[in-house]
>>> print(open('upload-v1.txt').read())   # compact mmCIF, C-alpha atoms
# COMPACT_ATOMS: atom_id res chain seq x y z
CA MET A 61 27.02 -11.10 106.32
CA ALA A 62 24.66 -8.42 107.65
CA ALA A 63 27.54 -5.95 108.02
CA ALA A 64 28.65 -6.61 104.46
CA LEU A 65 25.09 -6.01 103.22
CA VAL A 66 24.89 -2.72 105.12
CA LEU A 67 28.19 -1.59 103.61
CA LEU A 68 26.97 -2.57 100.14
CA LEU A 69 23.75 -0.58 100.60
CA LEU A 70 25.65 2.44 101.92
CA GLY A 71 27.99 2.26 98.95
CA ALA A 72 25.08 2.03 96.53
CA GLY A 73 23.42 5.00 98.22
CA ALA A 74 26.56 7.07 97.97
CA TRP A 75 26.85 6.15 94.29
CA LEU A 76 23.27 7.27 93.57
CA VAL A 77 23.84 10.55 95.41
CA SER A 78 27.00 11.17 93.38
CA LEU A 79 25.12 10.56 90.12
CA ARG A 80 22.49 13.17 91.05
CA ALA A 81 25.15 15.81 91.73
CA PRO A 82 26.62 17.85 88.86
CA GLU A 83 29.58 16.12 87.23
CA PRO A 84 32.74 17.60 88.76
CA VAL A 85 34.81 19.65 86.33
CA VAL A 86 38.43 20.46 87.12
CA GLU A 87 39.31 23.75 85.43
CA LEU A 88 43.02 23.42 84.76
CA PRO A 89 45.38 26.39 84.27
CA SER A 90 44.53 27.86 80.88
CA HIS A 91 47.00 27.75 77.99
CA SER A 92 46.90 29.45 74.60
CA ARG A 93 47.05 26.09 72.79
CA THR A 94 45.61 22.75 73.83
CA ILE A 95 45.77 20.74 70.58
CA GLY A 96 48.95 20.41 68.54
CA ALA A 97 49.69 18.41 65.42
CA VAL A 98 47.38 15.61 64.26
CA HIS A 99 49.22 12.55 62.95
CA PHE A 100 47.56 10.00 60.68
CA GLY A 101 48.43 6.52 59.58
CA GLY A 102 46.81 4.97 56.55
CA PRO A 103 47.28 3.61 53.04
CA ASP A 104 48.08 7.14 51.81
CA ARG A 105 50.85 7.59 54.39
CA PRO A 106 54.31 5.96 54.56
CA PRO A 107 54.06 2.52 56.20
CA GLY A 108 54.80 2.81 59.90
CA ALA A 109 54.32 6.60 60.01
CA LEU A 110 52.96 6.56 63.57
CA ARG A 111 55.48 4.06 64.95
CA SER A 112 58.27 6.16 63.37
CA LEU A 113 56.89 9.22 65.16
CA LEU A 114 56.93 7.42 68.52
CA LEU A 115 60.34 5.90 67.84
CA GLN A 116 61.83 9.31 67.07
CA LYS A 117 60.37 10.81 70.23
CA VAL A 118 61.68 7.97 72.41
CA ARG A 119 65.17 8.12 70.92
CA SER A 120 65.36 11.90 71.37
CA ALA A 121 64.08 11.96 74.99
CA PRO A 122 66.92 13.49 77.05
CA PRO A 123 68.28 12.08 80.33
CA GLY A 124 66.23 13.27 83.28
CA SER A 125 63.02 13.47 81.27
CA THR A 126 60.03 11.13 81.53
CA ILE A 127 58.12 8.83 79.16
CA ASP A 128 54.71 7.55 80.32
CA TRP A 129 52.81 5.11 78.11
CA ALA A 130 49.66 3.01 78.38
CA THR A 131 48.59 0.77 75.50
CA TYR A 132 46.62 -2.36 74.62
CA TYR A 133 48.70 -4.13 71.99
CA PHE A 134 52.50 -3.79 72.10
CA LEU A 135 54.20 -6.08 69.57
CA ASP A 136 56.98 -3.79 68.38
CA ARG A 137 60.35 -5.03 69.62
CA GLU A 138 62.27 -2.12 68.10
CA LEU A 139 60.13 0.30 70.10
CA ALA A 140 60.62 -1.92 73.16
CA GLN A 141 64.39 -1.77 72.67
CA ALA A 142 64.19 2.02 72.26
CA LEU A 143 62.38 2.31 75.60
CA ILE A 144 65.08 0.15 77.21
CA GLY A 145 67.75 2.40 75.72
CA ALA A 146 65.94 5.49 77.03
CA SER A 147 65.78 3.95 80.51
CA ASP A 148 69.49 3.12 80.39
CA ARG A 149 70.45 6.72 79.55
CA GLY A 150 68.49 8.13 82.49
CA VAL A 151 64.97 8.67 81.17
CA LYS A 152 62.28 7.65 83.68
CA VAL A 153 60.09 5.29 81.64
CA THR A 154 56.67 4.12 82.86
CA LEU A 155 54.96 1.57 80.61
CA VAL A 156 51.57 -0.06 81.26
CA VAL A 157 50.41 -2.77 78.84
CA GLU A 158 47.41 -5.10 78.70
CA GLY A 159 48.57 -8.62 79.55
CA ASP A 160 45.48 -10.40 78.23
CA PRO A 161 44.56 -8.91 74.83
CA ARG A 162 41.94 -10.48 72.62
CA LEU A 163 44.67 -12.27 70.63
CA LYS A 164 46.26 -14.29 73.42
CA GLY A 165 50.02 -14.00 73.69
CA ALA A 166 50.32 -11.32 71.01
CA ASN A 167 52.26 -8.99 73.32
CA ASP A 168 54.51 -11.71 74.78
CA PRO A 169 57.63 -11.35 72.56
CA ALA A 170 57.99 -7.62 73.17
CA LEU A 171 57.00 -7.95 76.83
CA ASP A 172 59.55 -10.73 77.40
CA LEU A 173 62.24 -8.37 76.13
CA LEU A 174 61.00 -5.60 78.43
CA LYS A 175 60.64 -7.91 81.42
CA ARG A 176 64.24 -9.07 81.13
CA HIS A 177 65.32 -5.46 81.46
CA GLY A 178 62.60 -4.34 83.87
CA LEU A 179 62.61 -0.61 83.01
CA ARG A 180 63.90 -0.02 86.54
CA GLY A 181 60.72 -1.45 88.01
CA ALA A 182 58.41 0.77 85.95
CA LEU A 183 56.93 -1.91 83.67
CA THR A 184 53.35 -2.91 84.51
CA VAL A 185 51.57 -5.72 82.68
CA ARG A 186 47.88 -5.80 83.55
CA ALA A 187 47.08 -9.34 84.60
CA PRO A 188 43.81 -11.12 83.70
CA ARG A 189 41.22 -10.82 86.44
CA ALA A 190 39.87 -14.01 87.99
CA PHE A 191 36.63 -12.20 88.92
CA PRO A 192 34.50 -11.08 87.30
CA PRO A 193 35.32 -13.60 84.59
CA GLY A 194 35.77 -13.22 80.85
CA ARG A 195 34.26 -10.22 79.09
CA LEU A 196 32.97 -8.71 82.34
CA SER A 197 36.49 -7.86 83.50
CA GLY A 198 37.25 -5.29 80.80
CA LYS A 199 40.67 -4.49 79.34
CA LEU A 200 43.30 -1.77 79.47
CA HIS A 201 42.49 -0.28 76.07
CA SER A 202 43.84 3.30 76.31
CA LYS A 203 46.53 4.55 73.95
CA ILE A 204 48.47 7.31 75.73
CA TYR A 205 52.06 8.23 74.83
CA ALA A 206 53.32 11.10 77.02
CA PHE A 207 56.74 12.80 76.97
CA SER A 208 57.99 15.54 79.30
CA ALA A 209 60.71 16.92 77.02
CA PRO A 210 61.67 18.93 75.10
CA GLU A 211 58.14 20.25 75.74
CA PRO A 212 55.33 18.41 77.58
CA VAL A 213 53.14 16.54 75.11
CA ALA A 214 50.82 13.53 75.25
CA LEU A 215 49.77 11.75 72.08
CA VAL A 216 46.29 10.22 72.32
CA GLY A 217 44.29 8.27 69.78
CA SER A 218 43.72 4.86 68.24
CA TYR A 219 47.21 3.55 67.42
CA ASN A 220 48.72 0.42 69.00
CA PRO A 221 52.44 -0.34 68.36
CA SER A 222 51.59 -3.59 66.67
CA ASP A 223 54.17 -4.60 64.09
CA GLY A 224 57.42 -2.88 63.13
CA GLY A 225 58.14 -5.90 60.93
CA PHE A 226 58.30 -8.29 63.89
CA ALA A 227 54.82 -9.81 64.06
CA ASP A 228 53.95 -12.93 62.05
CA SER A 229 51.42 -12.73 59.23
CA ALA A 230 48.72 -14.67 61.12
CA THR A 231 48.89 -12.17 63.99
CA ILE A 232 48.66 -9.21 61.63
CA ARG A 233 45.67 -10.73 59.85
CA GLU A 234 43.89 -11.13 63.19
CA ILE A 235 44.52 -7.71 64.72
CA GLY A 236 44.95 -5.73 61.48
CA ASP A 237 48.08 -4.03 60.21
CA GLN A 238 48.15 -1.03 62.55
CA ASP A 239 51.20 0.39 60.76
CA ARG A 240 49.43 0.64 57.38
CA GLY A 241 45.73 0.95 58.25
CA HIS A 242 43.84 4.09 59.25
CA ASN A 243 44.80 5.34 62.72
CA LEU A 244 45.48 8.67 64.36
CA LEU A 245 47.39 10.24 67.22
CA VAL A 246 46.61 13.79 68.36
CA GLU A 247 49.15 15.89 70.25
CA ILE A 248 47.81 17.30 73.52
CA VAL A 249 50.14 20.25 74.07
CA SER A 250 48.41 21.89 77.03
CA PRO A 251 50.96 21.28 79.83
CA ALA A 252 48.11 20.85 82.32
CA LEU A 253 46.26 18.26 80.22
CA ALA A 254 49.51 16.46 79.36
CA ALA A 255 50.34 16.32 83.08
CA THR A 256 46.86 14.93 83.81
CA LEU A 257 47.36 12.16 81.25
CA THR A 258 50.81 11.42 82.67
CA ALA A 259 49.39 11.21 86.20
CA HIS A 260 46.69 8.85 84.94
CA VAL A 261 49.27 6.45 83.44
CA ARG A 262 51.14 6.46 86.75
CA ARG A 263 47.92 5.73 88.68
CA LEU A 264 47.33 2.78 86.40
CA ALA A 265 50.88 1.59 87.02
CA GLY A 266 50.33 1.87 90.77
CA ARG A 267 47.17 -0.25 90.56
CA GLY A 268 48.53 -3.02 88.38
CA GLY A 269 47.07 -1.51 85.23
CA GLU A 270 43.50 -1.23 86.50
CA ALA A 271 41.51 1.96 87.03
CA ASN A 272 39.25 2.55 90.03
CA ARG A 273 35.90 3.45 88.46
CA PHE A 274 34.61 4.88 91.77
CA SER A 275 37.53 7.25 92.46
CA LYS A 276 37.18 11.02 92.18
CA ALA A 277 40.14 11.22 89.81
CA GLN A 278 38.49 8.75 87.43
CA ASN A 279 35.14 10.57 87.30
CA ARG A 280 36.20 14.17 86.90
CA THR A 281 36.17 16.12 83.66
CA TYR A 282 39.52 17.85 83.15
CA ALA A 283 39.21 21.06 81.14
CA ASP A 284 41.62 23.54 79.61
CA ARG A 285 39.72 26.16 77.60
CA ASP A 286 38.34 24.41 74.51
CA THR A 287 39.38 20.84 75.38
CA GLN A 288 38.03 18.34 77.94
CA LEU A 289 39.47 15.00 79.02
CA TYR A 290 37.50 11.96 80.26
CA PHE A 291 38.71 8.66 81.68
CA TYR A 292 36.81 5.37 81.50
CA PRO A 293 35.39 3.38 83.20
CA ARG A 294 33.37 6.17 84.80
CA LEU A 295 30.04 6.36 86.57
CA ARG A 296 28.55 8.50 83.79
CA PRO A 297 29.78 6.99 80.55
CA ASN A 298 27.39 8.71 78.11
CA VAL A 299 29.67 11.63 77.24
CA VAL A 300 29.33 11.43 73.45
CA GLU A 301 25.78 10.11 73.64
CA ARG A 302 24.56 13.19 75.53
CA THR A 303 25.72 15.40 72.67
CA VAL A 304 24.22 13.10 70.03
CA ASP A 305 20.93 13.19 71.96
CA SER A 306 20.85 16.98 71.44
CA LEU A 307 21.06 16.76 67.63
CA GLY A 308 17.99 17.60 65.59
CA GLN A 309 16.78 19.03 62.32
CA GLY A 310 19.65 20.53 60.31
CA ASP A 311 22.44 19.26 62.57
CA ARG A 312 25.27 17.11 61.19
CA LEU A 313 27.44 14.24 62.40
CA TRP A 314 30.42 12.56 60.77
CA ALA A 315 32.16 9.57 62.36
CA ALA A 316 34.93 7.16 61.44
CA VAL A 317 34.62 4.36 64.00
CA SER A 318 36.08 0.87 63.99
CA HIS A 319 33.59 -0.58 66.51
CA LEU A 320 29.89 0.26 66.70
CA LYS A 321 27.12 -1.77 68.31
CA ASP A 322 24.75 -2.01 71.30
CA ASP A 323 23.04 1.14 72.64
CA ALA A 324 25.18 3.48 70.53
CA VAL A 325 23.33 2.27 67.43
CA ASP A 326 19.96 3.25 68.94
CA THR A 327 21.32 6.67 69.95
CA LEU A 328 22.46 7.40 66.39
CA ALA A 329 19.25 6.08 64.81
CA LYS A 330 17.13 8.32 67.05
CA ALA A 331 19.21 11.37 66.09
CA ALA A 332 18.57 10.60 62.42
CA ALA A 333 14.85 10.22 63.14
CA ARG A 334 14.87 13.74 64.62
CA GLY A 335 16.21 15.11 61.33
CA ALA A 336 19.97 15.17 61.88
CA LYS A 337 22.16 14.16 58.94
CA LEU A 338 24.61 11.39 59.93
CA HIS A 339 27.51 10.04 57.88
CA LEU A 340 29.47 7.02 59.17
CA VAL A 341 32.43 4.97 57.97
CA VAL A 342 32.82 1.73 59.94
CA HIS A 343 35.02 -1.34 59.88
CA ASP A 344 33.95 -4.18 57.61
CA THR A 345 33.87 -7.08 60.10
CA GLU A 346 30.69 -8.46 61.64
CA ARG A 347 32.37 -8.73 65.05
CA ARG A 348 33.18 -5.02 65.22
CA VAL A 349 30.05 -3.70 63.48
CA PRO A 350 27.19 -6.21 63.10
CA GLU A 351 25.26 -6.14 59.84
CA ALA A 352 22.05 -5.79 61.86
CA ALA A 353 23.40 -2.48 63.20
CA VAL A 354 24.14 -1.26 59.67
CA ARG A 355 20.64 -2.21 58.53
CA LYS A 356 19.03 -0.42 61.48
CA LEU A 357 21.03 2.75 60.90
CA THR A 358 20.42 2.71 57.16
CA LYS A 359 16.68 2.27 57.71
CA ALA A 360 16.75 5.34 59.99
CA GLY A 361 18.33 7.38 57.22
CA VAL A 362 21.98 7.24 58.31
CA SER A 363 24.62 7.06 55.57
CA VAL A 364 26.80 4.06 56.57
CA ARG A 365 29.76 2.88 54.53
CA ARG A 366 31.82 -0.19 55.38
CA TYR A 367 35.56 0.20 54.89
CA ARG A 368 37.00 -2.71 52.90
CA HIS A 369 40.61 -2.42 51.73
CA PRO A 370 41.92 -4.81 49.04
CA ASP A 371 44.90 -5.67 51.30
CA GLY A 372 42.69 -6.15 54.35
CA LEU A 373 44.01 -3.02 56.05
CA PRO A 374 41.91 -1.89 59.02
CA MET A 375 39.96 1.30 59.50
CA HIS A 376 40.90 1.59 63.17
CA SER A 377 40.22 5.32 63.70
CA LYS A 378 37.75 6.42 66.38
CA PHE A 379 36.44 9.97 66.05
CA PHE A 380 33.07 11.74 66.04
CA LEU A 381 32.43 15.22 64.61
CA LEU A 382 29.21 17.04 65.46
CA GLN A 383 27.85 20.30 64.10
CA ARG A 384 24.94 22.09 65.79
CA GLY A 385 24.35 25.51 64.26
CA ASP A 386 27.64 27.37 64.67
CA GLU A 387 29.00 24.87 67.23
CA ARG A 388 31.53 22.27 66.05
CA VAL A 389 32.71 19.53 68.42
CA SER A 390 35.32 16.80 67.95
CA TYR A 391 35.56 13.61 70.03
CA PHE A 392 38.52 11.24 69.70
CA GLY A 393 40.56 8.76 71.70
CA SER A 394 40.69 5.02 72.32
CA LEU A 395 36.97 4.63 73.09
CA ASN A 396 35.07 2.10 70.99
CA PHE A 397 31.33 2.70 70.67
CA ASN A 398 30.14 -0.49 72.29
CA GLN A 399 29.24 -1.65 75.80
CA ASN A 400 32.64 -3.10 76.67
CA SER A 401 34.39 0.21 76.08
CA ARG A 402 31.70 2.36 77.69
CA LEU A 403 31.18 0.26 80.80
CA LEU A 404 34.20 -2.01 81.39
CA ASN A 405 37.42 -1.03 79.64
CA GLU A 406 40.06 1.44 80.74
CA GLU A 407 39.77 4.10 78.01
CA VAL A 408 40.50 7.75 77.29
CA LEU A 409 38.21 10.19 75.45
CA ILE A 410 38.88 13.82 74.51
CA ARG A 411 36.34 16.47 73.50
CA SER A 412 37.47 19.62 71.75
CA THR A 413 35.91 22.66 70.08
CA ASP A 414 39.23 23.63 68.48
CA PRO A 415 38.19 24.68 64.93
CA ALA A 416 41.46 23.64 63.29
CA LEU A 417 41.15 20.13 64.74
CA PHE A 418 37.55 19.85 63.52
CA GLY A 419 38.58 20.84 60.01
CA THR A 420 41.53 18.44 59.99
CA LEU A 421 39.42 15.49 61.14
CA LEU A 422 36.59 16.31 58.72
CA ARG A 423 39.03 16.32 55.81
CA ARG A 424 40.37 12.98 57.01
CA PHE A 425 36.84 11.59 57.25
CA ARG A 426 36.16 12.59 53.65
CA ARG A 427 39.34 10.90 52.49
CA ILE A 428 38.45 7.65 54.28
CA GLU A 429 34.89 7.86 52.98
CA ALA A 430 36.15 8.38 49.44
CA GLU A 431 38.19 5.17 49.71
CA THR A 432 34.95 3.27 50.33
CA GLU A 433 33.63 4.60 47.01
CA GLY A 434 36.61 3.36 45.03
CA ALA A 435 37.50 6.91 44.06
CA PRO A 436 40.92 7.43 42.39
CA PRO A 437 43.49 9.36 44.50
CA ALA A 438 43.02 12.55 42.43
CA ALA A 439 39.36 12.69 43.46
CA LEU A 440 40.02 12.43 47.20
CA ALA A 441 39.37 15.45 49.39
CA ALA A 442 42.52 17.41 50.19
>>> encode(input="upload-v1.txt", output="structure tokens")
Amino acid sequence: MAAALVLLLLGAGAWLVSLRAPEPVVELPSHSRTIGAVHFGGPDRPPGALRSLLLQKVRSAPPGSTIDWATYYFLDRELAQALIGASDRGVKVTLVVEGDPRLKGANDPALDLLKRHGLRGALTVRAPRAFPPGRLSGKLHSKIYAFSAPEPVALVGSYNPSDGGFADSATIREIGDQDRGHNLLVEIVSPALAATLTAHVRRLAGRGGEANRFSKAQNRTYADRDTQLYFYPRLRPNVVERTVDSLGQGDRLWAAVSHLKDDAVDTLAKAAARGAKLHLVVHDTERRVPEAAVRKLTKAGVSVRRYRHPDGLPMHSKFFLLQRGDERVSYFGSLNFNQNSRLLNEEVLIRSTDPALFGTLLRRFRRIEAETEGAPPAALAA
């Protein structure tokens, strides 16, 4: 018992020392482009636009190439069959999926199909943890879809392969129609960043789908020129919050976020109190964004609009845009802005100062915001 206590204290001491040291940044080999195309799903796009993109990439992956995916929900049996077909023709497929999503059993039909095949031993289903119990165990919530050919690319964002016409209506009502609601996937075309995301998926596969929050690989910032990559859980989770804390008079923030609660609400309210202008579009459910949070932000001067679609389609995007003087920063990924995502879940977050990406996401924000106003399509921002 005494030895265990000593080891615990030594570990805690090492942790505190590491937090005092500068956050390690891995400067990857620089490439002329880091961000490629930005792909959106939504009511204004063809149904299943993002699943069709992934399906096309899987079906065109050549023998000898690799596919490395990590995702939370995976209900799409056509995509599952496409991955099986890729494996059979000689593509090395690594797939990591959450085995205990919020909607119990939602992934089972597609996973049963994949388990029968096995993907040559490269299928990992993250099992529920016995300890710590319940919400304290976190989830595998990343959405990473990496391909090695014809050129290295990793798609990162908010999209789960959740329907494809296979899920029942009750399931879709519960998790939201991911194939018709607002989502995004951003192409990471820097070969070094794509390789880092691929290596991360394979580490997850090697650990049963669970990240090691104390490892060096998990706590580094990976940078290629204008773009930085962060993995969660990490010892310093306040990546976006640190930037928001620097906002003041005359600065701007736009965010389309499906989940917002806990300390993130206070961080945004304080930025508004310092004179920053904040514009948010959030999901309409109390569970994802409590009404108390909306009232607090509104009282602080934040413009908050709830997204309510007549067909119940979700606003599942997750991106922040910040403008300080001439600086423009985009954050996007799988990260929800609540305590579970920041402290417990396995997540991915990307920061970029790419001006084209900022402009693309700001235009998308304005379109989503316009939908909350009931504006006709002709009045939406281009």
>>> atom_distance(input="upload-v1.txt", atom1="CA of Asp311 in chain A", atom2="CA of His339 in chain A")
11.5 Å
>>> residues_around(input="upload-v1.txt", residues="Gly361 in chain A", least_positions_apart="2", cutoff="12 Å", atoms="all atoms listed in the file", output="ChimeraX atom specification")
/A:328-340,354-359,363-364
>>> atom_distance(input="upload-v1.txt", atom1="CA of Arg119 in chain A", atom2="CA of Ala142 in chain A")
6.3 Å
>>> closest_residue(input="upload-v1.txt", among="A:Leu313, A:Leu403, A:Leu155, A:Leu200", to="Thr184 in chain A", atoms="only C-alpha atoms")
A:Leu155
>>> closest_residue(input="upload-v1.txt", among="A:Leu253, A:Ile428, A:Val185, A:Ala352", to="Asp284 in chain A", atoms="all atoms listed in the file")
A:Leu253
>>> closest_residue(input="upload-v1.txt", among="A:Pro297, A:Gly145, A:Gly181, A:Gly241", to="His376 in chain A", atoms="all atoms listed in the file")
A:Gly241
>>> closest_residue(input="upload-v1.txt", among="A:Glu406, A:Arg180, A:Asp172, A:Asp344", to="Lys199 in chain A", atoms="all atoms listed in the file")
A:Glu406
>>> closest_atom_pairs(input="upload-v1.txt", of="range 196-257 of chain A", to="range 126-140 of chain A", cutoff="6 Å", atoms="only C-alpha atoms", output="Markdown table")
| residue | atom | partner | partner_atom | distance |
| --- | --- | --- | --- | --- |
| A:Leu200 | CA | A:Tyr132 | CA | 5.9 |
| A:His201 | CA | A:Tyr132 | CA | 4.8 |
| A:Ser202 | CA | A:Thr131 | CA | 5.4 |
| A:Lys203 | CA | A:Thr131 | CA | 4.6 |
| A:Ile204 | CA | A:Ala130 | CA | 5.2 |
| A:Tyr205 | CA | A:Trp129 | CA | 4.6 |
| A:Ala206 | CA | A:Asp128 | CA | 5.0 |
| A:Phe207 | CA | A:Ile127 | CA | 4.7 |
| A:Ser208 | CA | A:Thr126 | CA | 5.3 |
| A:Asn220 | CA | A:Tyr133 | CA | 5.4 |
| A:Pro221 | CA | A:Phe134 | CA | 5.1 |
| A:Ser222 | CA | A:Leu135 | CA | 4.6 |
| A:Asp223 | CA | A:Asp136 | CA | 5.2 |
| A:Gly224 | CA | A:Asp136 | CA | 5.3 |
>>> decode(input="upload-v1.txt", residues="range 143-158 of chain A", atoms="N, CA and C atoms", output="compact mmCIF listing (two decimals), in the first residue's frame")
# COMPACT_ATOMS: atom_id res chain seq x y z
N LEU A 143 -15.77 -1.44 -47.17
CA LEU A 143 -14.50 -1.68 -46.48
C LEU A 143 -14.10 -3.15 -46.58
N ILE A 144 -15.06 -4.04 -46.47
CA ILE A 144 -14.77 -5.48 -46.63
C ILE A 144 -14.24 -5.75 -48.04
N GLY A 145 -14.89 -5.16 -49.04
CA GLY A 145 -14.42 -5.34 -50.41
C GLY A 145 -13.01 -4.80 -50.61
N ALA A 146 -12.72 -3.65 -50.00
CA ALA A 146 -11.37 -3.09 -50.09
C ALA A 146 -10.35 -4.04 -49.46
N SER A 147 -10.68 -4.58 -48.30
CA SER A 147 -9.79 -5.52 -47.63
C SER A 147 -9.55 -6.75 -48.51
N ASP A 148 -10.59 -7.24 -49.15
CA ASP A 148 -10.47 -8.44 -49.98
C ASP A 148 -9.60 -8.21 -51.21
N ARG A 149 -9.55 -6.97 -51.71
CA ARG A 149 -8.73 -6.73 -52.91
C ARG A 149 -7.31 -6.27 -52.56
N GLY A 150 -6.95 -6.33 -51.26
CA GLY A 150 -5.57 -6.07 -50.89
C GLY A 150 -5.29 -4.73 -50.29
N VAL A 151 -6.34 -3.98 -49.91
CA VAL A 151 -6.14 -2.73 -49.18
C VAL A 151 -6.03 -3.07 -47.69
N LYS A 152 -5.06 -2.49 -47.01
CA LYS A 152 -4.92 -2.69 -45.57
C LYS A 152 -5.87 -1.74 -44.85
N VAL A 153 -6.94 -2.28 -44.29
CA VAL A 153 -7.98 -1.47 -43.65
C VAL A 153 -7.85 -1.58 -42.14
N THR A 154 -7.76 -0.44 -41.46
CA THR A 154 -7.81 -0.38 -40.00
C THR A 154 -9.03 0.44 -39.62
N LEU A 155 -9.92 -0.16 -38.83
CA LEU A 155 -11.16 0.51 -38.44
C LEU A 155 -11.32 0.40 -36.93
N VAL A 156 -11.50 1.55 -36.27
CA VAL A 156 -11.71 1.61 -34.83
C VAL A 156 -13.06 2.30 -34.59
N VAL A 157 -13.95 1.63 -33.85
CA VAL A 157 -15.31 2.12 -33.65
C VAL A 157 -15.66 2.03 -32.17
N GLU A 158 -16.41 3.01 -31.69
CA GLU A 158 -16.92 2.97 -30.33
C GLU A 158 -17.95 1.83 -30.18
